[in-house]
file coords_7.cif (mmCIF, C-alpha atoms)
data_entry
#
loop_
_atom_site.group_PDB
_atom_site.id
_atom_site.type_symbol
_atom_site.label_atom_id
_atom_site.label_comp_id
_atom_site.auth_asym_id
_atom_site.auth_seq_id
_atom_site.Cartn_x
_atom_site.Cartn_y
_atom_site.Cartn_z
ATOM 1 C CA MET W 1 107.894 112.710 141.189
ATOM 2 C CA THR W 2 105.168 112.660 138.525
ATOM 3 C CA ASP W 3 103.336 115.952 138.035
ATOM 4 C CA PRO W 4 99.615 115.145 138.470
ATOM 5 C CA ALA W 5 98.790 117.927 135.998
ATOM 6 C CA GLN W 6 100.704 116.128 133.242
ATOM 7 C CA PRO W 7 99.096 113.169 131.421
ATOM 8 C CA ARG W 8 100.885 109.892 132.094
ATOM 9 C CA ARG W 9 103.061 108.841 129.192
ATOM 10 C CA PHE W 10 103.361 105.299 127.920
ATOM 11 C CA ALA W 11 105.300 103.571 125.153
ATOM 12 C CA ALA W 12 105.067 100.619 122.794
ATOM 13 C CA LEU W 13 108.032 98.847 121.225
ATOM 14 C CA ASP W 14 107.777 96.465 118.267
ATOM 15 C CA LEU W 15 110.708 94.134 117.649
ATOM 16 C CA GLY W 16 110.063 93.054 114.075
ATOM 17 C CA SER W 17 112.043 90.748 111.824
ATOM 18 C CA LEU W 18 113.297 93.712 109.793
ATOM 19 C CA THR W 19 112.464 96.877 111.755
ATOM 20 C CA VAL W 20 112.409 97.892 115.417
ATOM 21 C CA ARG W 21 109.946 100.650 116.301
ATOM 22 C CA LEU W 22 109.074 102.871 119.247
ATOM 23 C CA ALA W 23 106.030 105.050 119.866
ATOM 24 C CA VAL W 24 105.497 107.251 122.926
ATOM 25 C CA ALA W 25 101.955 108.420 123.647
ATOM 26 C CA GLU W 26 99.715 110.003 126.238
ATOM 27 C CA PRO W 27 96.053 109.218 126.906
ATOM 28 C CA THR W 28 93.211 111.391 125.700
ATOM 29 C CA PRO W 29 89.552 111.248 126.768
ATOM 30 C CA ASN W 30 87.398 108.212 125.904
ATOM 31 C CA GLY W 31 90.270 105.741 125.943
ATOM 32 C CA HIS W 32 92.128 107.197 122.956
ATOM 33 C CA PHE W 33 95.749 108.323 122.749
ATOM 34 C CA ARG W 34 97.954 110.953 121.167
ATOM 35 C CA VAL W 35 101.325 109.899 119.735
ATOM 36 C CA LEU W 36 104.104 112.219 120.862
ATOM 37 C CA LEU W 37 107.134 110.535 119.335
ATOM 38 C CA HIS W 38 107.825 107.874 116.692
ATOM 39 C CA ARG W 39 111.184 106.251 115.996
ATOM 40 C CA ARG W 40 112.227 103.236 113.945
ATOM 41 C CA GLU W 41 115.451 101.579 112.906
ATOM 42 C CA ILE W 42 115.978 98.838 110.343
ATOM 43 C CA THR W 43 118.140 96.317 112.194
ATOM 44 C CA GLY W 44 117.413 93.072 110.323
ATOM 45 C CA LEU W 45 116.928 90.985 113.462
ATOM 46 C CA GLY W 46 115.652 88.092 111.334
ATOM 47 C CA ARG W 47 118.375 88.311 108.683
ATOM 48 C CA GLY W 48 119.869 84.860 108.103
ATOM 49 C CA LEU W 49 117.195 83.138 110.180
ATOM 50 C CA ALA W 50 115.846 81.069 107.280
ATOM 51 C CA ALA W 51 119.214 79.400 106.722
ATOM 52 C CA THR W 52 120.237 78.726 110.340
ATOM 53 C CA ASN W 53 117.035 78.969 112.431
ATOM 54 C CA ASP W 54 119.065 81.231 114.722
ATOM 55 C CA LEU W 55 119.230 84.983 115.175
ATOM 56 C CA ALA W 56 122.606 86.163 113.874
ATOM 57 C CA PRO W 57 124.955 87.907 116.345
ATOM 58 C CA GLU W 58 125.107 90.964 114.080
ATOM 59 C CA GLY W 59 121.326 91.345 113.965
ATOM 60 C CA MET W 60 121.044 90.918 117.718
ATOM 61 C CA ALA W 61 123.766 93.538 118.285
ATOM 62 C CA ARG W 62 122.123 96.053 115.937
ATOM 63 C CA THR W 63 118.740 95.517 117.569
ATOM 64 C CA LEU W 64 120.165 95.796 121.085
ATOM 65 C CA LYS W 65 121.851 99.082 120.119
ATOM 66 C CA ALA W 66 118.566 100.430 118.711
ATOM 67 C CA LEU W 67 116.720 99.410 121.863
ATOM 68 C CA GLN W 68 119.363 101.153 123.955
ATOM 69 C CA THR W 69 118.624 104.372 122.054
ATOM 70 C CA PHE W 70 114.882 103.809 122.477
ATOM 71 C CA THR W 71 115.134 103.266 126.234
ATOM 72 C CA GLN W 72 117.026 106.547 126.579
ATOM 73 C CA LEU W 73 114.297 108.282 124.562
ATOM 74 C CA MET W 74 111.681 106.741 126.860
ATOM 75 C CA THR W 75 113.537 108.161 129.864
ATOM 76 C CA ASP W 76 113.828 111.573 128.214
ATOM 77 C CA GLN W 77 110.084 111.506 127.431
ATOM 78 C CA ARG W 78 109.203 110.589 131.052
ATOM 79 C CA VAL W 79 107.570 107.317 130.045
ATOM 80 C CA GLU W 80 106.028 105.563 133.044
ATOM 81 C CA ILE W 81 104.965 102.243 131.537
ATOM 82 C CA TYR W 82 105.771 100.375 128.346
ATOM 83 C CA GLN W 83 104.915 97.224 126.449
ATOM 84 C CA ALA W 84 107.438 95.565 124.149
ATOM 85 C CA VAL W 85 106.356 92.877 121.693
ATOM 86 C CA GLY W 86 108.208 90.588 119.318
ATOM 87 C CA THR W 87 106.954 88.908 116.150
ATOM 88 C CA GLN W 88 108.011 86.220 113.656
ATOM 89 C CA ALA W 89 111.803 86.325 114.059
ATOM 90 C CA LEU W 90 111.455 85.834 117.799
ATOM 91 C CA ARG W 91 108.715 83.235 117.348
ATOM 92 C CA GLN W 92 110.923 81.176 115.061
ATOM 93 C CA ALA W 93 114.490 81.534 116.340
ATOM 94 C CA SER W 94 115.817 78.629 118.384
ATOM 95 C CA ASN W 95 118.141 81.022 120.257
ATOM 96 C CA ARG W 96 115.497 83.664 120.988
ATOM 97 C CA GLN W 97 115.885 83.267 124.749
ATOM 98 C CA VAL W 98 119.561 84.226 124.495
ATOM 99 C CA PHE W 99 118.550 87.516 122.885
ATOM 100 C CA LEU W 100 115.595 88.126 125.217
ATOM 101 C CA ASP W 101 117.895 87.590 128.204
ATOM 102 C CA GLN W 102 120.377 90.082 126.742
ATOM 103 C CA VAL W 103 117.622 92.671 126.393
ATOM 104 C CA GLN W 104 116.437 92.044 129.953
ATOM 105 C CA ASP W 105 119.886 91.979 131.541
ATOM 106 C CA THR W 106 121.301 94.945 129.595
ATOM 107 C CA LEU W 107 118.318 97.265 129.369
ATOM 108 C CA GLY W 108 115.783 95.932 131.849
ATOM 109 C CA LEU W 109 113.213 95.463 129.087
ATOM 110 C CA THR W 110 110.802 92.543 129.080
ATOM 111 C CA VAL W 111 109.597 91.492 125.619
ATOM 112 C CA GLU W 112 106.389 89.549 124.990
ATOM 113 C CA VAL W 113 106.651 87.276 121.951
ATOM 114 C CA LEU W 114 103.246 87.412 120.284
ATOM 115 C CA ALA W 115 101.432 84.404 118.909
ATOM 116 C CA PRO W 116 100.345 84.933 115.267
ATOM 117 C CA GLU W 117 96.675 85.478 116.204
ATOM 118 C CA ALA W 118 97.608 88.016 118.887
ATOM 119 C CA GLU W 119 99.738 89.892 116.352
ATOM 120 C CA ALA W 120 96.893 89.879 113.814
ATOM 121 C CA ARG W 121 94.413 91.083 116.431
ATOM 122 C CA LEU W 122 96.635 93.959 117.549
ATOM 123 C CA SER W 123 97.353 94.956 113.937
ATOM 124 C CA LEU W 124 93.620 95.064 113.254
ATOM 125 C CA THR W 125 93.059 97.183 116.368
ATOM 126 C CA GLY W 126 95.729 99.608 115.191
ATOM 127 C CA VAL W 127 94.320 99.813 111.666
ATOM 128 C CA LEU W 128 90.872 100.655 113.035
ATOM 129 C CA THR W 129 92.287 103.717 114.808
ATOM 130 C CA SER W 130 92.883 105.320 111.379
ATOM 131 C CA LEU W 131 90.633 103.559 108.855
ATOM 132 C CA THR W 132 87.919 105.722 107.324
ATOM 133 C CA PRO W 133 84.402 104.660 108.422
ATOM 134 C CA ALA W 134 83.392 104.376 104.752
ATOM 135 C CA ALA W 135 85.567 101.260 104.412
ATOM 136 C CA LEU W 136 83.568 99.542 107.147
ATOM 137 C CA THR W 137 80.389 99.634 105.065
ATOM 138 C CA ALA W 138 81.671 96.770 102.878
ATOM 139 C CA PRO W 139 80.218 93.294 103.553
ATOM 140 C CA ASP W 140 83.702 92.185 104.645
ATOM 141 C CA VAL W 141 86.915 94.030 105.466
ATOM 142 C CA LEU W 142 90.113 92.046 104.952
ATOM 143 C CA VAL W 143 93.143 93.593 106.660
ATOM 144 C CA PHE W 144 96.628 92.301 105.868
ATOM 145 C CA ASP W 145 99.969 93.112 107.475
ATOM 146 C CA VAL W 146 103.001 92.089 105.408
ATOM 147 C CA GLY W 147 106.004 92.240 107.719
ATOM 148 C CA GLY W 148 109.609 91.158 107.505
ATOM 149 C CA GLY W 149 109.052 87.584 108.601
ATOM 150 C CA SER W 150 105.338 86.849 108.307
ATOM 151 C CA SER W 151 102.016 88.120 106.996
ATOM 152 C CA GLU W 152 98.931 88.397 109.189
ATOM 153 C CA PHE W 153 95.338 88.596 107.985
ATOM 154 C CA ALA W 154 92.147 89.655 109.787
ATOM 155 C CA LEU W 155 88.714 89.275 108.210
ATOM 156 C CA MET W 156 85.983 91.455 109.704
ATOM 157 C CA HIS W 157 82.224 91.012 109.403
ATOM 158 C CA PRO W 158 79.936 93.622 110.966
ATOM 159 C CA GLY W 159 78.645 92.336 114.283
ATOM 160 C CA ARG W 160 80.803 89.182 114.305
ATOM 161 C CA GLU W 161 84.124 88.139 115.763
ATOM 162 C CA PRO W 162 87.006 88.607 113.291
ATOM 163 C CA VAL W 163 88.715 85.641 111.650
ATOM 164 C CA PHE W 164 92.512 85.649 111.979
ATOM 165 C CA ALA W 165 95.117 83.835 109.905
ATOM 166 C CA SER W 166 98.891 83.989 109.563
ATOM 167 C CA LEU W 167 101.448 82.888 106.991
ATOM 168 C CA PRO W 168 105.227 82.691 107.641
ATOM 169 C CA LEU W 169 105.956 84.782 104.554
ATOM 170 C CA GLY W 170 107.497 88.250 104.727
ATOM 171 C CA VAL W 171 109.642 90.610 102.689
ATOM 172 C CA LEU W 172 112.867 89.647 104.457
ATOM 173 C CA THR W 173 112.259 85.907 104.495
ATOM 174 C CA LEU W 174 111.273 85.862 100.820
ATOM 175 C CA SER W 175 114.222 88.046 99.804
ATOM 176 C CA GLN W 176 116.643 85.692 101.551
ATOM 177 C CA ALA W 177 115.015 82.430 100.471
ATOM 178 C CA ARG W 178 114.645 83.499 96.830
ATOM 179 C CA PRO W 179 117.459 85.940 95.947
ATOM 180 C CA LEU W 180 116.661 87.626 92.643
ATOM 181 C CA GLY W 181 120.075 89.039 91.754
ATOM 182 C CA ASP W 182 121.169 92.656 91.505
ATOM 183 C CA PRO W 183 119.611 93.845 89.305
ATOM 184 C CA PRO W 184 116.885 91.197 89.531
ATOM 185 C CA ARG W 185 116.955 88.593 86.773
ATOM 186 C CA PRO W 186 113.637 88.402 84.911
ATOM 187 C CA GLU W 187 113.465 84.599 85.032
ATOM 188 C CA LYS W 188 113.915 84.630 88.824
ATOM 189 C CA VAL W 189 111.251 87.304 89.239
ATOM 190 C CA ALA W 190 108.887 85.190 87.123
ATOM 191 C CA ALA W 191 109.615 82.135 89.280
ATOM 192 C CA VAL W 192 108.892 84.044 92.498
ATOM 193 C CA LYS W 193 105.637 85.365 91.039
ATOM 194 C CA GLU W 194 104.588 81.815 90.202
ATOM 195 C CA GLU W 195 105.538 80.561 93.685
ATOM 196 C CA LEU W 196 103.666 83.412 95.400
ATOM 197 C CA SER W 197 100.587 82.825 93.281
ATOM 198 C CA ALA W 198 100.480 79.175 94.326
ATOM 199 C CA ARG W 199 101.328 79.765 97.977
ATOM 200 C CA LEU W 200 99.066 82.753 98.611
ATOM 201 C CA GLY W 201 96.317 81.301 96.423
ATOM 202 C CA SER W 202 96.234 78.102 98.476
ATOM 203 C CA PHE W 203 96.348 80.065 101.736
ATOM 204 C CA TYR W 204 93.506 82.362 100.654
ATOM 205 C CA LYS W 205 91.277 79.492 99.548
ATOM 206 C CA GLY W 206 91.809 77.610 102.795
ATOM 207 C CA ALA W 207 92.029 80.328 105.448
ATOM 208 C CA ILE W 208 90.029 83.288 104.113
ATOM 209 C CA GLU W 209 87.626 82.452 101.290
ATOM 210 C CA PRO W 210 85.380 80.025 103.269
ATOM 211 C CA TYR W 211 84.549 82.851 105.703
ATOM 212 C CA LEU W 212 83.720 85.555 103.155
ATOM 213 C CA GLU W 213 80.151 86.823 103.054
ATOM 214 C CA GLY W 214 80.586 89.349 100.269
ATOM 215 C CA ASP W 215 83.107 91.288 98.226
ATOM 216 C CA PRO W 216 85.755 92.416 100.737
ATOM 217 C CA CYS W 217 87.348 95.823 101.135
ATOM 218 C CA LEU W 218 91.081 95.089 101.140
ATOM 219 C CA VAL W 219 93.202 97.080 103.634
ATOM 220 C CA GLY W 220 96.993 96.895 103.874
ATOM 221 C CA THR W 221 99.292 98.005 106.668
ATOM 222 C CA ALA W 222 103.003 97.771 107.629
ATOM 223 C CA GLY W 223 106.193 98.821 105.898
ATOM 224 C CA ALA W 224 105.932 97.178 102.489
ATOM 225 C CA VAL W 225 102.533 98.590 101.578
ATOM 226 C CA THR W 226 103.202 102.027 103.111
ATOM 227 C CA THR W 227 106.476 102.186 101.167
ATOM 228 C CA LEU W 228 104.591 101.468 97.945
ATOM 229 C CA ALA W 229 102.192 104.282 98.840
ATOM 230 C CA ALA W 230 105.095 106.653 99.526
ATOM 231 C CA LEU W 231 106.680 105.652 96.203
ATOM 232 C CA GLN W 232 103.411 106.275 94.400
ATOM 233 C CA LEU W 233 103.199 109.740 95.973
ATOM 234 C CA LYS W 234 106.961 110.344 95.487
ATOM 235 C CA LEU W 235 107.211 111.487 99.106
ATOM 236 C CA ARG W 236 110.616 112.884 100.009
ATOM 237 C CA ALA W 237 109.497 113.258 103.623
ATOM 238 C CA TYR W 238 107.259 110.468 104.928
ATOM 239 C CA ASP W 239 103.906 111.748 106.194
ATOM 240 C CA PRO W 240 101.446 109.271 107.766
ATOM 241 C CA ASN W 241 98.583 111.699 107.142
ATOM 242 C CA LYS W 242 99.166 111.398 103.392
ATOM 243 C CA ILE W 243 99.390 107.604 103.617
ATOM 244 C CA ASN W 244 96.349 106.806 105.768
ATOM 245 C CA ASN W 245 93.337 105.856 103.614
ATOM 246 C CA LEU W 246 95.195 106.314 100.336
ATOM 247 C CA ILE W 247 93.804 104.070 97.588
ATOM 248 C CA LEU W 248 96.387 102.058 95.641
ATOM 249 C CA THR W 249 95.122 100.322 92.523
ATOM 250 C CA ARG W 250 96.335 96.954 91.325
ATOM 251 C CA ALA W 251 97.648 98.652 88.176
ATOM 252 C CA GLN W 252 99.688 101.084 90.287
ATOM 253 C CA VAL W 253 101.133 98.257 92.397
ATOM 254 C CA ALA W 254 101.973 96.279 89.253
ATOM 255 C CA ALA W 255 103.747 99.306 87.762
ATOM 256 C CA LEU W 256 105.722 99.865 90.971
ATOM 257 C CA ALA W 257 106.684 96.182 91.119
ATOM 258 C CA GLU W 258 107.926 96.361 87.524
ATOM 259 C CA LEU W 259 109.850 99.566 88.252
ATOM 260 C CA LEU W 260 111.536 98.143 91.363
ATOM 261 C CA ALA W 261 112.367 94.827 89.703
ATOM 262 C CA GLY W 262 113.911 96.600 86.735
ATOM 263 C CA MET W 263 116.742 98.379 88.531
ATOM 264 C CA PRO W 264 119.710 97.625 90.815
ATOM 265 C CA GLU W 265 119.300 98.019 94.562
ATOM 266 C CA ALA W 266 121.443 101.175 94.606
ATOM 267 C CA ASP W 267 119.063 102.864 92.160
ATOM 268 C CA ARG W 268 115.997 101.728 94.106
ATOM 269 C CA ALA W 269 117.498 103.289 97.235
ATOM 270 C CA ARG W 270 117.490 106.694 95.544
ATOM 271 C CA LEU W 271 113.815 106.667 94.593
ATOM 272 C CA PRO W 272 111.689 109.277 96.410
ATOM 273 C CA GLY W 273 109.504 107.492 98.925
ATOM 274 C CA ILE W 274 111.778 104.575 99.843
ATOM 275 C CA GLU W 275 114.038 104.220 102.869
ATOM 276 C CA PRO W 276 117.454 103.208 101.482
ATOM 277 C CA ALA W 277 117.707 100.325 103.981
ATOM 278 C CA LYS W 278 114.486 98.834 102.550
ATOM 279 C CA ALA W 279 115.648 98.877 98.941
ATOM 280 C CA GLY W 280 116.881 95.292 99.155
ATOM 281 C CA VAL W 281 113.515 93.833 100.210
ATOM 282 C CA MET W 282 111.020 95.971 98.324
ATOM 283 C CA VAL W 283 110.915 93.870 95.145
ATOM 284 C CA ALA W 284 109.713 90.997 97.315
ATOM 285 C CA GLY W 285 107.328 93.358 99.117
ATOM 286 C CA ALA W 286 105.772 94.651 95.908
ATOM 287 C CA LEU W 287 105.372 91.126 94.513
ATOM 288 C CA ILE W 288 103.684 89.862 97.702
ATOM 289 C CA ILE W 289 101.209 92.749 97.745
ATOM 290 C CA LEU W 290 100.472 92.448 94.037
ATOM 291 C CA THR W 291 99.781 88.735 94.522
ATOM 292 C CA ILE W 292 97.461 89.442 97.473
ATOM 293 C CA LEU W 293 95.458 91.806 95.268
ATOM 294 C CA THR W 294 95.328 89.179 92.541
ATOM 295 C CA VAL W 295 94.301 86.173 94.636
ATOM 296 C CA CYS W 296 91.705 88.296 96.472
ATOM 297 C CA ARG W 297 90.398 89.417 93.054
ATOM 298 C CA GLN W 298 90.542 93.076 94.082
ATOM 299 C CA ASP W 299 91.379 96.025 91.862
ATOM 300 C CA SER W 300 92.523 98.247 94.730
ATOM 301 C CA LEU W 301 93.418 98.399 98.415
ATOM 302 C CA VAL W 302 93.257 100.989 101.187
ATOM 303 C CA VAL W 303 96.637 101.821 102.748
ATOM 304 C CA ILE W 304 96.878 102.448 106.492
ATOM 305 C CA ASP W 305 100.044 103.552 108.274
ATOM 306 C CA ALA W 306 98.748 102.528 111.721
ATOM 307 C CA GLY W 307 99.066 98.880 112.708
ATOM 308 C CA LEU W 308 100.624 96.678 115.358
ATOM 309 C CA LEU W 309 102.319 99.483 117.299
ATOM 310 C CA GLU W 310 99.133 101.541 117.444
ATOM 311 C CA GLY W 311 97.175 98.452 118.469
ATOM 312 C CA VAL W 312 99.460 98.023 121.465
ATOM 313 C CA LEU W 313 99.075 101.722 122.338
ATOM 314 C CA HIS W 314 95.285 101.489 122.064
ATOM 315 C CA GLU W 315 95.129 98.591 124.504
ATOM 316 C CA MET W 316 97.413 100.442 126.905
ATOM 317 C CA ALA W 317 95.318 103.620 126.665
ATOM 318 C CA LEU W 318 92.213 101.701 127.726
ATOM 319 C CA LYS W 319 93.869 101.014 131.090
ATOM 320 C CA PHE W 320 94.125 104.700 131.996
#

call {"tool": "encode", "arguments": {"input": "coords_7.cif", "output": "structure tokens"}}
result
Amino acid sequence: MTDPAQPRRFAALDLGSLTVRLAVAEPTPNGHFRVLLHRREITGLGRGLAATNDLAPEGMARTLKALQTFTQLMTDQRVEIYQAVGTQALRQASNRQVFLDQVQDTLGLTVEVLAPEAEARLSLTGVLTSLTPAALTAPDVLVFDVGGGSSEFALMHPGREPVFASLPLGVLTLSQARPLGDPPRPEKVAAVKEELSARLGSFYKGAIEPYLEGDPCLVGTAGAVTTLAALQLKLRAYDPNKINNLILTRAQVAALAELLAGMPEADRARLPGIEPAKAGVMVAGALIILTILTVCRQDSLVVIDAGLLEGVLHEMALKF
């Protein structure tokens, strides 16, 4: 029986193309929440998807195992309600229902596969839980979320509905579609830079630029940009409080991209600030973020650790 003196606990699960995450929270006054537990595992659910349009058995098995651990943690934490969401890998895969049925039948978890706009909206909601109010004084705030399988964008104007846009481009999909070699070969890195410049430049001009009213404040969330921030700070133990509202300059991102592209994956995995399992995709991540800065004509960005998962928690907290 639930103790009425104890706040009700709730959880959000994010089944991403690269990483699966769990957050357990409890409500606080005024519709806010306090995170009690965070867990994440890099399972590569979307690995191989670009070549086959199917989720690979290995990725499904790794993700199912991670979710099994997460459901036990939810039980241990006395979670009463949860919301599980899936993103690009589950949007794209032709065999997604096979995996979703496995999750339901094995663990009793129901997963909502988010449309791109819903993902962008929830990411924006999560970012706003941690973004400094000073950033909101800009004429426009452009929030981007570079994930494993896609990148979402949300453009905010004070007093107006946000504009949302999505691009099926992520660190995992780019790494698989355009392998750079180990260590990366300079000519392949140059080719990817050129491709990103054209692809993101066209996207920005069509989906973002027509809606701008002034010089935007650029805000980045999700694993690629937070890893760059942790690398810049040389964090041996990841600390969201040191990441939230950190300013990364374009010069710093360019230097990190050059550093990462100049060494083998095994050496990248030993750098302070990087999770070893992300070492294989972080050259692509750094190049995507550097290109976003360039096409947006911005010299810096604000890094926010909070994103999609916190957006889901925020919406759940409002129901208490």

call {"tool": "atom_distance", "arguments": {"input": "coords_7.cif", "atom1": "atom CA of Phe320 of chain W", "atom2": "atom CA of Arg8 of chain W"}}
result
8.5 Å

call {"tool": "resolve_selection", "arguments": {"input": "coords_7.cif", "expression": "the PyMOL selection byres ((chain W and resi 311) around 6)", "output": "list in words"}}
result
Leu122, Ser123, Thr125, Gly126, Leu308, Leu309, Glu310, Val312, Leu313 and His314 of chain W

call {"tool": "write_last_selection", "arguments": {"input": "coords_7.cif", "atoms": "C-alpha atoms", "output": "PDB file, in the coordinates of the input"}}
result
ATOM      1  CA  LEU W 122      96.635  93.959 117.549  1.00  0.00           C
ATOM      2  CA  SER W 123      97.353  94.956 113.937  1.00  0.00           C
ATOM      3  CA  THR W 125      93.059  97.183 116.368  1.00  0.00           C
ATOM      4  CA  GLY W 126      95.729  99.608 115.191  1.00  0.00           C
ATOM      5  CA  LEU W 308     100.624  96.678 115.358  1.00  0.00           C
ATOM      6  CA  LEU W 309     102.319  99.483 117.299  1.00  0.00           C
ATOM      7  CA  GLU W 310      99.133 101.541 117.444  1.00  0.00           C
ATOM      8  CA  VAL W 312      99.460  98.023 121.465  1.00  0.00           C
ATOM      9  CA  LEU W 313      99.075 101.722 122.338  1.00  0.00           C
ATOM     10  CA  HIS W 314      95.285 101.489 122.064  1.00  0.00           C
TER      11      HIS W 314
END

call {"tool": "resolve_selection", "arguments": {"input": "coords_7.cif", "expression": "the PyMOL selection byres ((chain W and resi 237-245) around 7)", "output": "JSON, numbers by chain"}}
result
{"W": [130, 131, 132, 226, 229, 230, 235, 236, 246, 247, 302, 303, 304, 305]}

call {"tool": "atom_distance", "arguments": {"input": "coords_7.cif", "atom1": "atom CA of Leu90 of chain W", "atom2": "atom CA of Ser150 of chain W"}}
result
11.3 Å

call {"tool": "resolve_selection", "arguments": {"input": "coords_7.cif", "expression": "the PyMOL selection byres ((chain W and resi 161-167) around 6)", "output": "PyMOL selection string"}}
result
chain W and resi 116-117+150-156+160+168-169

call {"tool": "closest_residue", "arguments": {"input": "coords_7.cif", "among": "W:Ala56, W:Leu109, W:Leu200, W:Ala50", "to": "Leu13 of chain W", "atoms": "all atoms listed in the file"}}
result
W:Leu109
